[in-house]
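What follows is a set of notes on a single structure, which appears directly below.
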Amino acid sequence: VQLQASEGGLVRAGGSLRLICAASGSFSRNYAVGWFRQAPGKEREFVAASSRDGGSTLYSDSVKGRFTISRDDAENMVYLQMNSLKPEDMAVYYCNADAWYGRQYNYWGQGTLVTVSS
C-alpha cells in the first residue's frame with residue numbers, strides 16, 4: 001500500500017483546509033484509515049480515524065467538531081476537512097492505513113505540513 005498526501009499549506013487562523021490522501025497498491029475498503037499529526041518538538045498524535053466501511057469515525061478531543069474525516073473507496077481517497085483552524089493545529093499531518101489479514105498491516109504517508117498563522 002502506498003499513501004500520498006496532498007500538499008498542506010499556509011492558512012490563517014479561523015480558516016479551512018482540506019487534506020487528501022491518495023491510496024494505491026493493495027489498498028482496499030478493508031483498511032481503516034486515519035490522520036495523525038506531529039508538531040515541532042512533540043510526539044506524533046492521533047487526529048481522526050474512519051472504520052473500514054466508513055460507518056464510524058473517531059476524533060481527538062482537540063479537533064472534534066472542527067475536523068471531518070471521510071473516505072471515497074471508489075477512488076481510494078481519504079480526506080480530512082479542517083475548519084476553524086487554530087495556531088495549535090500547525091503540524092506535519094500523516095495519513096495512515098491499517099488492516100488485519102492474519103497479521104497487522106500498517107502504512108504511513110509521507111507527511112504534509114500545515115501552517116496556521118495567527
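Ordering of the C-alpha cells sets the chain letters (A, B, ...), residue numbers begin anew at 1 in every chain, and ligands are numbered from 1 in the order given.
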
Show which residues sit within 12 Å of stretch 58-66 of chain A, as a PyMOL selection string. Count only C-alpha atoms, and ignore same-chain residues fewer than 3 positions away.
-> chain A and resi 14-18+32-37+45-51+54-55+69-70+80-86+88-89

With C-alpha atoms kept, could you save the residues just selected as a PDB file, in the first residue's frame?
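Below is the file that was written, result.pdb:
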ATOM      1  CA  GLY A  14     -10.099  30.550  11.569  1.00  0.00           C
ATOM      2  CA  GLY A  15      -9.644  29.371   8.022  1.00  0.00           C
ATOM      3  CA  SER A  16     -10.159  25.988   6.404  1.00  0.00           C
ATOM      4  CA  LEU A  17      -8.043  23.488   4.564  1.00  0.00           C
ATOM      5  CA  ARG A  18      -8.690  20.047   3.120  1.00  0.00           C
ATOM      6  CA  ALA A  32      -9.292   1.509   8.384  1.00  0.00           C
ATOM      7  CA  VAL A  33      -7.805   4.935   7.698  1.00  0.00           C
ATOM      8  CA  GLY A  34      -6.697   7.774   9.867  1.00  0.00           C
ATOM      9  CA  TRP A  35      -4.840  11.026  10.182  1.00  0.00           C
ATOM     10  CA  PHE A  36      -2.118  11.806  12.699  1.00  0.00           C
ATOM     11  CA  ARG A  37      -0.021  14.892  13.226  1.00  0.00           C
ATOM     12  CA  GLU A  45      -0.604  12.261  17.935  1.00  0.00           C
ATOM     13  CA  PHE A  46      -3.886  10.846  16.732  1.00  0.00           C
ATOM     14  CA  VAL A  47      -6.253  13.231  14.949  1.00  0.00           C
ATOM     15  CA  ALA A  48      -9.069  11.250  13.322  1.00  0.00           C
ATOM     16  CA  ALA A  49      -9.934   7.789  12.044  1.00  0.00           C
ATOM     17  CA  SER A  50     -12.552   6.125   9.915  1.00  0.00           C
ATOM     18  CA  SER A  51     -13.564   2.479  10.145  1.00  0.00           C
ATOM     19  CA  GLY A  54     -16.622   4.403   6.838  1.00  0.00           C
ATOM     20  CA  GLY A  55     -19.527   3.661   9.116  1.00  0.00           C
ATOM     21  CA  ILE A  69     -12.583  12.611   8.082  1.00  0.00           C
ATOM     22  CA  SER A  70     -14.157  10.906   5.103  1.00  0.00           C
ATOM     23  CA  LEU A  80      -9.500  15.478   6.206  1.00  0.00           C
ATOM     24  CA  GLN A  81     -11.576  18.640   6.144  1.00  0.00           C
ATOM     25  CA  MET A  82     -10.189  21.077   8.680  1.00  0.00           C
ATOM     26  CA  ASN A  83     -12.280  24.074   9.673  1.00  0.00           C
ATOM     27  CA  SER A  84     -11.806  26.819  12.249  1.00  0.00           C
ATOM     28  CA  LEU A  85      -8.088  26.179  12.256  1.00  0.00           C
ATOM     29  CA  LYS A  86      -6.069  27.307  15.231  1.00  0.00           C
ATOM     30  CA  GLU A  88      -2.042  24.881  17.664  1.00  0.00           C
ATOM     31  CA  ASP A  89      -3.211  22.817  14.684  1.00  0.00           C
TER      32      ASP A  89
END

I'd like the contact shell of stretch 38-41 of chain A - 8 Å cut-off, only C-alpha atoms, skipping same-chain residues fewer than 3 positions apart - returned as a PDB file with N, CA, C and O atoms, in the first residue's frame.
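The resulting selection_21.pdb:
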ATOM      1  N   ARG A  44       4.113  12.352  17.733  1.00  0.00           N
ATOM      2  CA  ARG A  44       3.001  12.202  16.812  1.00  0.00           C
ATOM      3  C   ARG A  44       1.742  11.859  17.603  1.00  0.00           C
ATOM      4  O   ARG A  44       1.775  11.036  18.522  1.00  0.00           O
ATOM      5  N   GLU A  45       0.639  12.491  17.216  1.00  0.00           N
ATOM      6  CA  GLU A  45      -0.604  12.261  17.935  1.00  0.00           C
ATOM      7  C   GLU A  45      -1.740  11.929  16.978  1.00  0.00           C
ATOM      8  O   GLU A  45      -1.738  12.338  15.811  1.00  0.00           O
ATOM      9  N   MET A  90      -1.120  23.632  13.802  1.00  0.00           N
ATOM     10  CA  MET A  90       0.040  23.617  12.918  1.00  0.00           C
ATOM     11  C   MET A  90       0.908  22.409  13.228  1.00  0.00           C
ATOM     12  O   MET A  90       1.322  22.184  14.373  1.00  0.00           O
ATOM     13  N   ALA A  91       1.166  21.618  12.190  1.00  0.00           N
ATOM     14  CA  ALA A  91       1.904  20.367  12.376  1.00  0.00           C
ATOM     15  C   ALA A  91       2.130  19.733  11.011  1.00  0.00           C
ATOM     16  O   ALA A  91       1.583  20.184   9.998  1.00  0.00           O
ATOM     17  N   VAL A  92       2.919  18.676  11.012  1.00  0.00           N
ATOM     18  CA  VAL A  92       3.005  17.802   9.848  1.00  0.00           C
ATOM     19  C   VAL A  92       1.936  16.740  10.024  1.00  0.00           C
ATOM     20  O   VAL A  92       1.881  16.071  11.056  1.00  0.00           O
ATOM     21  N   TYR A  93       1.084  16.603   9.011  1.00  0.00           N
ATOM     22  CA  TYR A  93      -0.020  15.660   9.067  1.00  0.00           C
ATOM     23  C   TYR A  93       0.306  14.416   8.242  1.00  0.00           C
ATOM     24  O   TYR A  93       0.835  14.521   7.124  1.00  0.00           O
TER      25      TYR A  93
END

Between A:Val1, A:Lys42, A:Gly109, A:Pro87, smallest distance to A:Cys21 by only C-alpha atoms belongs to A:Gly109

If you run DSSP on the backbone, which residues of stretch 13-118 of chain A are strand (DSSP E), as a PyMOL selection string?
-> chain A and resi 17-24+32-38+45-50+57-59+67-72+77-82+91-100+104-108+112-117

Do a neighbour search on A:Arg52 at 12 Å with only C-alpha atoms, toss out local chain neighbours closer than 6 positions, and write the hits as number ranges by chain.
-> A: 27-34, 70-73, 78, 97-100

Residue subset to file, keeping N, CA and C atoms, as a PDB file, in the first residue's frame:
ATOM      1  N   PHE A  27      -4.294  -1.328  -1.444  1.00  0.00           N
ATOM      2  CA  PHE A  27      -5.280  -0.692  -0.585  1.00  0.00           C
ATOM      3  C   PHE A  27      -6.673  -1.102  -0.995  1.00  0.00           C
ATOM      4  N   SER A  28      -7.540  -1.280  -0.010  1.00  0.00           N
ATOM      5  CA  SER A  28      -8.934  -1.604  -0.287  1.00  0.00           C
ATOM      6  C   SER A  28      -9.799  -1.037   0.820  1.00  0.00           C
ATOM      7  N   ARG A  29     -11.083  -1.220   0.658  1.00  0.00           N
ATOM      8  CA  ARG A  29     -12.016  -0.718   1.663  1.00  0.00           C
ATOM      9  C   ARG A  29     -11.899  -1.481   2.976  1.00  0.00           C
ATOM     10  N   ASN A  30     -11.122  -2.546   2.970  1.00  0.00           N
ATOM     11  CA  ASN A  30     -10.927  -3.293   4.216  1.00  0.00           C
ATOM     12  C   ASN A  30      -9.940  -2.630   5.171  1.00  0.00           C
ATOM     13  N   TYR A  31      -9.347  -1.554   4.713  1.00  0.00           N
ATOM     14  CA  TYR A  31      -8.418  -0.821   5.568  1.00  0.00           C
ATOM     15  C   TYR A  31      -9.158   0.258   6.347  1.00  0.00           C
ATOM     16  N   ALA A  32      -8.926   0.319   7.632  1.00  0.00           N
ATOM     17  CA  ALA A  32      -9.292   1.509   8.384  1.00  0.00           C
ATOM     18  C   ALA A  32      -8.271   2.586   8.035  1.00  0.00           C
ATOM     19  N   VAL A  33      -8.710   3.839   8.063  1.00  0.00           N
ATOM     20  CA  VAL A  33      -7.805   4.935   7.698  1.00  0.00           C
ATOM     21  C   VAL A  33      -7.834   5.995   8.779  1.00  0.00           C
ATOM     22  N   GLY A  34      -6.767   6.744   8.845  1.00  0.00           N
ATOM     23  CA  GLY A  34      -6.697   7.774   9.867  1.00  0.00           C
ATOM     24  C   GLY A  34      -5.716   8.859   9.514  1.00  0.00           C
ATOM     25  N   SER A  70     -13.262  11.641   5.983  1.00  0.00           N
ATOM     26  CA  SER A  70     -14.157  10.906   5.103  1.00  0.00           C
ATOM     27  C   SER A  70     -13.316  10.092   4.127  1.00  0.00           C
ATOM     28  N   ARG A  71     -13.981   9.169   3.446  1.00  0.00           N
ATOM     29  CA  ARG A  71     -13.263   8.326   2.506  1.00  0.00           C
ATOM     30  C   ARG A  71     -14.118   8.064   1.286  1.00  0.00           C
ATOM     31  N   ASP A  72     -13.467   7.904   0.171  1.00  0.00           N
ATOM     32  CA  ASP A  72     -14.130   7.540  -1.072  1.00  0.00           C
ATOM     33  C   ASP A  72     -13.438   6.273  -1.556  1.00  0.00           C
ATOM     34  N   ASP A  73     -14.043   5.144  -1.266  1.00  0.00           N
ATOM     35  CA  ASP A  73     -13.396   3.875  -1.588  1.00  0.00           C
ATOM     36  C   ASP A  73     -13.388   3.594  -3.089  1.00  0.00           C
ATOM     37  N   VAL A  78      -8.781   9.439   0.854  1.00  0.00           N
ATOM     38  CA  VAL A  78      -9.134   9.739   2.234  1.00  0.00           C
ATOM     39  C   VAL A  78      -8.995  11.244   2.402  1.00  0.00           C
ATOM     40  N   ALA A  97      -3.059   3.906   7.069  1.00  0.00           N
ATOM     41  CA  ALA A  97      -3.997   2.841   6.717  1.00  0.00           C
ATOM     42  C   ALA A  97      -3.637   1.608   7.516  1.00  0.00           C
ATOM     43  N   ASP A  98      -4.654   0.933   7.998  1.00  0.00           N
ATOM     44  CA  ASP A  98      -4.417  -0.207   8.892  1.00  0.00           C
ATOM     45  C   ASP A  98      -5.419  -1.322   8.624  1.00  0.00           C
ATOM     46  N   ALA A  99      -4.911  -2.546   8.552  1.00  0.00           N
ATOM     47  CA  ALA A  99      -5.798  -3.684   8.340  1.00  0.00           C
ATOM     48  C   ALA A  99      -5.213  -4.906   9.013  1.00  0.00           C
ATOM     49  N   TRP A 100      -6.053  -5.883   9.175  1.00  0.00           N
ATOM     50  CA  TRP A 100      -5.630  -7.164   9.759  1.00  0.00           C
ATOM     51  C   TRP A 100      -5.994  -8.288   8.797  1.00  0.00           C
TER      52      TRP A 100
END

At what distance in Å, to one decimal, does atom CA of A:Leu3 lie from atom CA of A:Ser56?
->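 Going from atom CA of A:Ser56 over to atom CA of A:Leu3 covers 21.2 Å.
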
Find the distance between atom CA of A:Phe67 and atom CA of A:Tyr107 and write it in Å to one decimal.
-> 21.9 Å

Using only C-alpha atoms, pick whichever of A:Thr115, A:Ala22, A:Met77, A:Asn106 has the shortest atom-to-atom distance to A:Gln4.
->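 Residue with the minimum atom-to-atom distance to A:Gln4: A:Ala22.
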